[in-house]
$ cat input05.txt   # compact mmCIF, C-alpha atoms
# COMPACT_ATOMS: atom_id res chain seq x y z
CA MET I 388 84.56 139.67 114.14
CA LYS I 389 82.35 138.42 116.93
CA GLU I 390 84.36 136.78 119.68
CA VAL I 391 83.46 134.59 122.63
CA ILE I 392 85.40 132.70 125.28
CA LEU I 393 84.99 128.93 125.36
CA LEU I 394 85.36 127.21 128.73
CA LYS I 395 86.02 123.47 128.67
CA ASN I 396 84.84 121.38 131.60
CA GLY I 397 87.32 118.91 133.02
CA GLU I 398 86.40 116.77 135.98
CA ILE I 399 82.85 118.15 135.95
CA ALA I 400 82.18 116.19 132.76
CA LEU I 401 82.51 112.97 134.77
CA LYS I 402 79.71 113.88 137.16
CA GLY I 403 76.35 112.13 137.03
CA LEU I 404 72.87 113.45 137.66
CA ASN I 405 74.20 116.35 139.74
CA ARG I 406 76.46 117.62 136.97
CA HIS I 407 74.24 120.62 136.31
CA ALA I 408 74.77 121.80 139.91
CA PHE I 409 78.55 121.88 139.35
CA GLU I 410 78.13 123.70 136.03
CA ASP I 411 75.77 126.26 137.56
CA ARG I 412 78.21 126.93 140.39
CA LEU I 413 81.06 127.29 137.92
CA ILE I 414 79.07 129.84 135.95
CA LYS I 415 78.23 131.74 139.15
CA ASN I 416 81.90 131.86 140.15
CA ALA I 417 83.01 132.87 136.65
CA ARG I 418 80.39 135.61 136.39
CA ARG I 419 81.51 137.03 139.74
CA LYS I 420 85.14 136.89 138.60
CA LEU I 421 84.31 138.88 135.45
CA MET I 422 82.26 141.60 137.14
CA PRO I 423 85.15 144.14 137.11
CA VAL I 424 85.59 143.53 133.36
CA GLY I 425 81.98 143.86 132.25
CA SER I 426 78.69 142.03 131.76
CA PHE I 427 78.76 138.62 130.07
CA HIS I 428 76.16 136.09 128.98
CA PHE I 429 76.82 132.43 129.79
CA ARG I 430 75.45 129.43 127.91
CA LYS I 431 76.34 125.76 128.43
CA ALA I 432 76.21 122.92 125.90
CA GLN I 433 78.18 119.73 125.25
CA SER I 434 80.76 120.06 128.06
CA THR I 435 81.49 123.63 126.94
CA ILE I 436 80.43 126.93 128.48
CA TYR I 437 80.14 129.87 126.07
CA VAL I 438 80.95 133.29 127.51
CA GLU I 439 79.70 136.15 125.34
CA PRO I 440 80.24 139.84 126.16
CA ASP I 441 76.96 141.75 126.31
CA GLU I 442 78.63 144.74 124.67
CA GLU I 443 81.61 145.37 122.41
CA GLY I 444 84.80 146.88 123.75
CA TYR I 445 85.36 144.62 126.74
CA ASP I 446 88.95 143.56 127.40
CA LEU I 447 88.77 139.86 126.55
CA ASP I 448 92.46 139.38 127.38
CA GLU I 449 91.77 140.45 130.96
CA ALA I 450 88.67 138.25 131.01
CA VAL I 451 90.74 135.23 129.96
CA ASP I 452 93.38 136.02 132.60
CA ARG I 453 90.71 136.14 135.29
CA LEU I 454 88.98 132.95 134.13
CA GLN I 455 92.28 131.05 134.24
CA LYS I 456 92.03 131.24 138.04
CA VAL I 457 88.50 129.84 138.32
CA PHE I 458 88.47 126.26 139.59
CA GLY I 459 86.44 123.86 137.47
CA ILE I 460 87.77 125.12 134.12
CA ALA I 461 90.12 122.62 132.49
CA ALA I 462 90.94 124.76 129.44
CA LEU I 463 89.75 127.97 127.79
CA THR I 464 90.28 130.00 124.67
CA ARG I 465 89.08 133.02 122.76
CA ALA I 466 87.17 132.00 119.64
CA CYS I 467 85.67 133.64 116.57
CA VAL I 468 81.98 132.93 115.95
CA ILE I 469 80.85 132.53 112.34
CA ASP I 470 78.11 130.98 110.22
CA LYS I 471 78.46 127.31 109.34
CA ASP I 472 79.77 127.91 105.84
CA PHE I 473 82.94 126.03 104.89
CA GLU I 474 84.41 128.75 102.68
CA LEU I 475 83.86 131.27 105.46
CA ILE I 476 85.44 128.89 107.98
CA LYS I 477 88.62 128.60 105.87
CA LYS I 478 88.96 132.33 105.35
CA THR I 479 88.24 133.10 108.99
CA ALA I 480 90.89 130.63 110.18
CA ALA I 481 93.52 132.40 108.08
CA GLU I 482 92.41 135.89 109.09
CA TYR I 483 91.62 135.34 112.76
CA LEU I 484 94.83 133.44 113.50
CA LYS I 485 97.05 135.39 111.12
CA ASP I 486 99.55 136.64 113.69
CA GLU I 487 100.02 133.23 115.29
CA LEU I 488 100.33 131.48 111.94
CA GLU I 489 102.88 133.97 110.62
CA ASN I 490 105.06 133.42 113.70
CA ALA I 491 104.73 129.62 113.67
CA ALA I 492 106.78 127.08 111.76
CA THR I 493 104.43 124.13 112.11
CA PHE I 494 100.69 123.65 112.60
CA LYS I 495 97.89 121.15 112.52
CA VAL I 496 94.13 121.41 112.20
CA GLU I 497 91.66 119.69 114.50
CA ALA I 498 87.92 119.66 113.98
CA LYS I 499 84.86 118.70 115.97
CA ARG I 500 81.51 118.34 114.22
CA SER I 501 78.76 118.00 116.79
CA ASP I 502 76.22 119.22 114.20
CA LYS I 503 75.90 116.07 112.12
CA SER I 504 73.88 117.92 109.48
CA PHE I 505 77.00 119.77 108.40
CA PRO I 506 77.97 118.25 105.02
CA LEU I 507 81.69 117.69 105.75
CA LYS I 508 82.97 115.21 108.31
CA SER I 509 85.77 116.14 110.73
CA PRO I 510 88.65 114.65 108.63
CA ASP I 511 87.39 116.54 105.57
CA ILE I 512 87.24 119.79 107.54
CA CYS I 513 90.82 119.27 108.74
CA ALA I 514 92.08 118.51 105.24
CA GLY I 515 90.29 121.44 103.60
CA VAL I 516 91.28 124.02 106.18
CA GLY I 517 94.86 122.72 106.30
CA GLU I 518 95.21 122.92 102.52
CA TYR I 519 93.87 126.48 102.48
CA LEU I 520 96.25 127.58 105.25
CA LEU I 521 99.26 126.09 103.44
CA GLU I 522 98.31 128.16 100.38
CA GLN I 523 98.02 131.34 102.47
CA PHE I 524 101.15 130.72 104.55
CA PRO I 525 103.70 128.88 102.36
CA HIS I 526 106.34 128.85 105.12
CA LEU I 527 104.22 126.54 107.28
CA GLU I 528 104.63 122.79 107.58
CA VAL I 529 102.20 120.27 108.99
CA ASP I 530 103.21 118.57 112.23
CA VAL I 531 100.47 116.43 113.77
CA HIS I 532 102.56 115.43 116.80
CA ASN I 533 104.12 118.62 118.17
CA PRO I 534 102.87 121.66 116.25
CA ASP I 535 103.61 125.26 117.18
CA ILE I 536 99.91 126.05 116.83
CA VAL I 537 96.74 124.00 116.70
CA VAL I 538 93.98 125.47 114.53
CA MET I 539 90.70 124.31 115.97
CA VAL I 540 87.39 124.29 114.10
CA GLU I 541 84.24 123.40 116.03
CA VAL I 542 80.96 123.06 114.15
CA ARG I 543 78.23 123.14 116.77
CA ASP I 544 74.46 123.53 116.89
CA TYR I 545 74.34 127.32 116.88
CA ALA I 546 77.41 128.30 114.87
CA ALA I 547 80.97 127.44 113.89
CA TYR I 548 83.89 128.45 116.10
CA VAL I 549 87.50 128.98 115.06
CA HIS I 550 90.30 129.33 117.58
CA GLY I 551 93.93 128.55 118.26
CA SER I 552 95.54 126.39 120.91
CA GLN I 553 93.70 126.17 124.21
CA ILE I 554 95.05 127.71 127.40
CA LYS I 555 95.26 125.47 130.46
CA GLY I 556 92.75 126.36 133.16
CA ALA I 557 92.94 125.99 136.94
CA GLY I 558 91.34 122.53 136.91
CA GLY I 559 89.66 121.05 139.96
CA ILE I 560 86.00 121.58 140.74
CA PRO I 561 84.14 124.83 141.43
CA VAL I 562 84.60 126.51 144.82
CA GLY I 563 81.47 126.04 146.88
CA THR I 564 80.54 122.56 145.62
CA GLY I 565 82.43 120.70 148.36
CA GLY I 566 81.24 122.46 151.51
CA LYS I 567 83.01 124.94 153.79
CA ALA I 568 86.26 124.69 155.74
CA MET I 569 88.25 126.89 158.11
CA LEU I 570 91.92 127.43 157.22
CA LEU I 571 94.40 128.06 160.03
CA ILE I 572 96.55 130.61 158.24
CA SER I 573 99.92 131.75 159.52
CA GLY I 574 102.38 134.08 157.86
CA GLY I 575 104.34 131.17 156.40
CA ILE I 576 104.56 129.48 153.03
CA ASP I 577 102.55 126.34 153.73
CA SER I 578 99.11 127.43 154.91
CA PRO I 579 98.16 129.58 151.87
CA VAL I 580 99.12 126.64 149.64
CA ALA I 581 96.96 124.32 151.76
CA GLY I 582 94.00 126.69 151.39
CA TYR I 583 94.52 126.90 147.63
CA MET I 584 94.66 123.11 147.30
CA MET I 585 91.42 122.56 149.21
CA ALA I 586 89.64 125.33 147.30
CA LYS I 587 90.64 123.43 144.16
CA ARG I 588 88.65 120.51 145.53
CA GLY I 589 85.55 122.69 145.79
CA LEU I 590 85.78 123.90 149.40
CA GLU I 591 84.69 127.42 150.29
CA ILE I 592 87.51 128.72 152.48
CA SER I 593 87.28 130.89 155.57
CA ALA I 594 90.46 131.70 157.49
CA ILE I 595 91.48 132.12 161.12
CA HIS I 596 94.69 133.78 162.29
CA PHE I 597 96.13 134.20 165.79
CA VAL I 598 97.92 137.37 166.90
CA SER I 599 99.85 138.06 170.10
CA PRO I 600 100.49 141.77 170.53
CA PRO I 601 102.86 143.18 171.65
CA TYR I 602 104.94 140.09 170.79
CA THR I 603 103.67 140.21 167.20
CA SER I 604 103.41 143.42 165.20
CA GLU I 605 100.72 145.05 163.07
CA ARG I 606 102.97 144.40 160.08
CA ALA I 607 102.82 140.66 160.79
CA LYS I 608 99.02 140.85 160.91
CA GLN I 609 98.89 142.86 157.69
CA LYS I 610 101.16 140.32 156.02
CA VAL I 611 98.57 137.59 156.64
CA ILE I 612 95.76 139.83 155.39
CA ASP I 613 97.79 140.42 152.24
CA LEU I 614 98.21 136.67 151.82
CA ALA I 615 94.45 136.21 152.08
CA HIS I 616 93.94 138.87 149.40
CA LYS I 617 96.24 136.92 147.08
CA MET I 618 94.41 133.68 147.83
CA CYS I 619 91.15 135.32 146.79
CA SER I 620 92.33 135.19 143.17
CA TYR I 621 91.62 131.46 143.29
CA CYS I 622 89.48 130.92 146.41
CA GLY I 623 86.99 133.76 145.98
CA ARG I 624 85.90 135.91 148.91
CA ILE I 625 87.29 134.88 152.30
CA LYS I 626 85.88 135.58 155.75
CA MET I 627 88.84 136.06 158.07
CA TYR I 628 88.88 135.87 161.85
CA ILE I 629 91.73 137.48 163.83
CA VAL I 630 92.01 135.91 167.28
CA PRO I 631 93.81 137.69 170.18
CA PHE I 632 96.10 134.99 171.57
CA THR I 633 98.45 136.85 173.94
CA GLU I 634 96.68 135.91 177.18
CA ILE I 635 96.61 132.22 176.28
CA GLN I 636 100.27 132.15 175.30
CA GLU I 637 101.32 133.92 178.49
CA ALA I 638 99.27 131.44 180.53
CA ILE I 639 100.97 128.53 178.75
CA ARG I 640 104.36 130.11 179.44
CA ASP I 641 103.59 130.59 183.13
CA GLN I 642 101.82 127.30 183.89
CA CYS I 643 103.07 124.57 181.52
CA PRO I 644 106.36 122.68 181.06
CA GLU I 645 108.55 124.46 178.53
CA ASP I 646 109.04 121.44 176.29
CA LEU I 647 105.25 121.23 175.81
CA PHE I 648 104.68 124.93 174.99
CA THR I 649 104.30 124.39 171.26
CA ILE I 650 101.97 121.39 171.33
CA ILE I 651 99.69 122.95 173.96
CA MET I 652 99.59 126.18 171.97
CA ARG I 653 98.57 124.21 168.86
CA ARG I 654 95.82 122.45 170.82
CA TYR I 655 94.38 125.78 171.96
CA MET I 656 94.46 127.03 168.39
CA MET I 657 92.59 123.96 167.20
CA LYS I 658 89.98 124.22 169.96
CA ILE I 659 89.28 127.86 169.12
CA ALA I 660 89.30 127.17 165.38
CA CYS I 661 86.77 124.36 165.82
CA ARG I 662 84.37 126.62 167.73
CA VAL I 663 84.66 129.46 165.23
CA ALA I 664 84.26 126.98 162.38
CA ARG I 665 81.06 125.55 163.90
CA GLN I 666 79.65 129.05 164.36
CA ASN I 667 80.24 129.70 160.65
CA GLU I 668 78.90 126.38 159.31
CA CYS I 669 82.34 125.06 158.39
CA GLU I 670 82.63 121.29 158.43
CA ALA I 671 86.42 120.83 158.60
CA LEU I 672 89.67 122.56 159.47
CA VAL I 673 92.56 122.96 157.03
CA THR I 674 96.20 123.28 158.06
CA GLY I 675 99.53 123.55 156.24
CA GLU I 676 101.27 120.88 158.30
CA SER I 677 103.86 118.63 156.64
CA VAL I 678 105.14 115.54 158.44
CA GLY I 679 108.49 116.12 160.13
CA GLN I 680 108.92 119.72 159.04
CA VAL I 681 108.99 121.10 162.62
CA ALA I 682 108.65 119.66 166.12
CA SER I 683 104.86 120.12 166.22
CA GLN I 684 104.45 118.18 162.99
CA THR I 685 105.67 114.73 164.00
CA ILE I 686 103.11 111.92 163.92
CA GLN I 687 102.91 111.92 167.72
CA ALA I 688 102.45 115.70 167.91
CA ILE I 689 99.78 115.65 165.19
CA ALA I 690 97.92 112.93 167.10
CA CYS I 691 97.94 115.11 170.24
CA THR I 692 96.71 118.08 168.21
CA ASP I 693 93.88 116.14 166.58
CA GLU I 694 92.60 114.95 169.96
CA ALA I 695 91.66 118.56 170.72
CA CYS I 696 89.38 118.73 167.64
CA ASP I 697 85.83 117.53 167.14
CA MET I 698 85.82 117.82 163.35
CA PRO I 699 87.96 116.53 160.46
CA VAL I 700 91.36 118.18 159.94
CA LEU I 701 92.49 118.30 156.29
CA ARG I 702 96.23 118.53 155.63
CA PRO I 703 96.74 118.65 151.85
CA VAL I 704 100.51 119.26 152.00
CA ILE I 705 101.15 116.57 154.64
CA GLY I 706 103.38 114.45 152.35
CA MET I 707 105.03 117.23 150.38
CA ASP I 708 108.55 118.51 150.86
CA LYS I 709 109.35 122.21 151.05
CA ASP I 710 110.44 122.54 147.41
CA GLU I 711 107.12 121.17 146.19
CA ILE I 712 105.19 123.58 148.40
CA VAL I 713 107.32 126.54 147.29
CA ILE I 714 106.61 125.75 143.62
CA ILE I 715 102.87 126.07 144.26
CA SER I 716 103.31 129.20 146.39
CA ARG I 717 105.16 130.87 143.52
CA LYS I 718 102.41 129.83 141.11
CA ILE I 719 99.70 131.44 143.24
CA ASP I 720 101.88 134.49 143.99
CA THR I 721 102.02 134.08 147.77
CA PHE I 722 105.71 133.16 148.13
CA GLU I 723 107.22 136.67 148.19
CA THR I 724 104.71 137.83 150.79
CA SER I 725 105.17 134.68 152.90
CA ILE I 726 108.91 135.22 153.25
CA LEU I 727 108.63 138.80 154.52
CA PRO I 728 110.47 138.89 157.89
CA TYR I 729 107.47 139.54 160.16
CA GLU I 730 107.08 136.76 162.72
CA ASP I 731 103.71 135.34 163.76
CA CYS I 732 102.61 134.07 167.16
CA CYS I 733 103.90 130.54 166.49
CA THR I 734 107.41 131.87 167.16
CA VAL I 735 106.49 133.45 170.51
CA PHE I 736 107.94 131.65 173.56
CA THR I 737 109.41 128.90 171.36
CA PRO I 738 111.05 126.31 173.66
CA LYS I 739 114.74 125.57 173.23
CA HIS I 740 114.08 121.83 173.23
CA PRO I 741 110.46 121.12 172.18
CA ARG I 742 109.07 117.64 172.79
CA THR I 743 108.88 115.89 169.40
CA LYS I 744 107.11 112.77 170.69
CA PRO I 745 104.65 114.12 173.26
CA GLN I 746 102.40 111.75 175.21
CA LEU I 747 98.79 112.83 175.36
CA LYS I 748 98.33 112.04 179.06
CA PHE I 749 101.14 114.43 180.04
CA VAL I 750 99.89 117.11 177.67
CA LYS I 751 96.38 116.96 179.11
CA PHE I 752 97.73 116.92 182.67
CA ALA I 753 99.61 120.16 181.94
CA GLU I 754 96.49 121.70 180.39
CA ASP I 755 94.44 120.88 183.48
CA GLU I 756 96.47 123.45 185.40
CA MET I 757 94.98 126.20 183.20
CA ASN I 758 91.54 127.79 183.18
CA ALA I 759 91.04 126.71 179.58
CA GLU I 760 87.35 127.48 179.12
CA GLU I 761 87.62 131.03 180.41
CA LEU I 762 90.70 131.74 178.28
CA ILE I 763 89.06 130.36 175.13
CA ASN I 764 85.80 132.25 175.68
CA ARG I 765 87.61 135.58 176.16
CA ALA I 766 89.65 135.04 172.99
CA ILE I 767 86.52 134.24 170.95
CA GLU I 768 84.61 137.22 172.36
CA ASN I 769 87.33 139.58 171.11
CA ILE I 770 87.74 138.18 167.60
CA GLU I 771 88.09 140.70 164.78
CA GLN I 772 86.26 139.71 161.60
CA LEU I 773 87.33 140.85 158.11
CA ASN I 774 85.80 140.22 154.68
CA ILE I 775 88.62 139.76 152.17
CA SER I 776 88.16 140.21 148.43
CA ASN I 777 90.42 141.25 145.57
CA SER I 778 87.71 142.03 142.97

$ encode --input "input05.txt" --output "structure tokens"
Amino acid sequence: MKEVILLKNGEIALKGLNRHAFEDRLIKNARRKLMPVGSFHFRKAQSTIYVEPDEEGYDLDEAVDRLQKVFGIAALTRACVIDKDFELIKKTAAEYLKDELENAATFKVEAKRSDKSFPLKSPDICAGVGEYLLEQFPHLEVDVHNPDIVVMVEVRDYAAYVHGSQIKGAGGIPVGTGGKAMLLISGGIDSPVAGYMMAKRGLEISAIHFVSPPYTSERAKQKVIDLAHKMCSYCGRIKMYIVPFTEIQEAIRDQCPEDLFTIIMRRYMMKIACRVARQNECEALVTGESVGQVASQTIQAIACTDEACDMPVLRPVIGMDKDEIVIISRKIDTFETSILPYEDCCTVFTPKHPRTKPQLKFVKFAEDEMNAEELINRAIENIEQLNISNS
């Protein structure tokens, strides 16, 4: 039997005159995702993208697994391609879905007839295929509300397609259709989730991480690189920038009030991230901040942090509690890596009593005691750049 994979557009179907640009980007992302599996031909028609292997023997199960992590796909399924002959359609449904039907107790048939020249209408297709399947599998019962399996028949312009229940896709819109953003990634749970959520909205993600040797270890740095590798499953390739931050943190420790250590450190991070983002054509920063989670994430502290930026700061988990964030981190397989006990630079020189409601004028006064421009320039000059991919 000839098999293809059918990709169903979700939100893309609502686009207007630029819809083709979203579809083309989705196909580009999907093709790149399938490169380790083999060569595939893509064709789009009627809110569906057809993915056909160029040769036999490709592992379509692996291909489906990979495509489930491509943003822009609402649902997908393997399907059998046959001629538009009703007798052949009935027999193929029973043969192609034999294993699923034998293990099911209930089923229903759905049909779509986009080729209006086909002699049977959709209700007639459903009735005929359903009757045939009941004859072949006497143990089955029809359940139109909550069936164990949905037998789908699609009669389209080029051929007929038979498949079982669809698999839910990643949703969202294709990565690369919404611009570029720089993710401030730590070794924690929140920032990888924030990057994932913005990639789902079409942003191409780069990442910046701050290290403070000898206060932070190589294992802590590797942990963040491992997190970026896991994010690549959904976000695609990631450019990562490792910023040496020891000198800046020591200067903050030596020259600033202790209760302002954390907020001033965050402001330096944002200033550096903005410059690196501009150099790499990113148009926004992304952080994993959630209101009230720690001292630097109060409304007043966030306002002080934002004042140091000259570009939008996106905070997709800002209103989520920790349990909600953890659920997503488990879904994208970053949780177990995030909880490894290797501390990042955010824990270096943590004040005993951080200021939770800092006033900007006092923060800026403390910063004026430092040679900020020289410190920032030296940190940027010594950035280490990595290209992260899990293909």

$ residues_around --input "input05.txt" --residues "I:Arg419" --least-positions-apart "6" --cutoff "12 Å" --atoms "all atoms listed in the file" --output "PyMOL selection string"
chain I and resi 412-413+425-427+429+450+453-454+457+620+623-624+776-778

$ closest_residue --input "input05.txt" --among "I:Gly556, I:Met569, I:Arg406, I:Pro423" --to "I:Val451" --atoms "all atoms listed in the file"
I:Gly556

$ closest_residue --input "input05.txt" --among "I:Asp755, I:Asp530, I:Lys456, I:Glu768" --to "I:Cys622" --atoms "all atoms listed in the file"
I:Lys456

$ atom_distance --input "input05.txt" --atom1 "atom CA of I:Lys751" --atom2 "atom CA of I:Ile651"
8.6 Å

$ closest_residue --input "input05.txt" --among "I:Gly551, I:Gly559, I:Gly515, I:Gly675" --to "I:Leu484" --atoms "all atoms listed in the file"
I:Gly551

$ closest_residue --input "input05.txt" --among "I:Ala492, I:Met422, I:Asp511, I:Ser501" --to "I:Asp535" --atoms "all atoms listed in the file"
I:Ala492

$ atom_distance --input "input05.txt" --atom1 "atom CA of I:Asp470" --atom2 "atom CA of I:Ala546"
5.4 Å

$ atom_distance --input "input05.txt" --atom1 "atom CA of I:Val562" --atom2 "atom CA of I:His407"
14.6 Å

$ axis_aligned_box --input "input05.txt" --around "stretch 630-647 of chain I" --padding-each-side "4 Å" --output "JSON"
{"center_x": 100.5, "center_y": 129.5, "center_z": 175.6, "size_x": 25.0, "size_y": 24.5, "size_z": 24.6}

$ closest_residue --input "input05.txt" --among "I:Val678, I:Leu571, I:Val537, I:Phe648" --to "I:Val700" --atoms "all atoms listed in the file"
I:Leu571
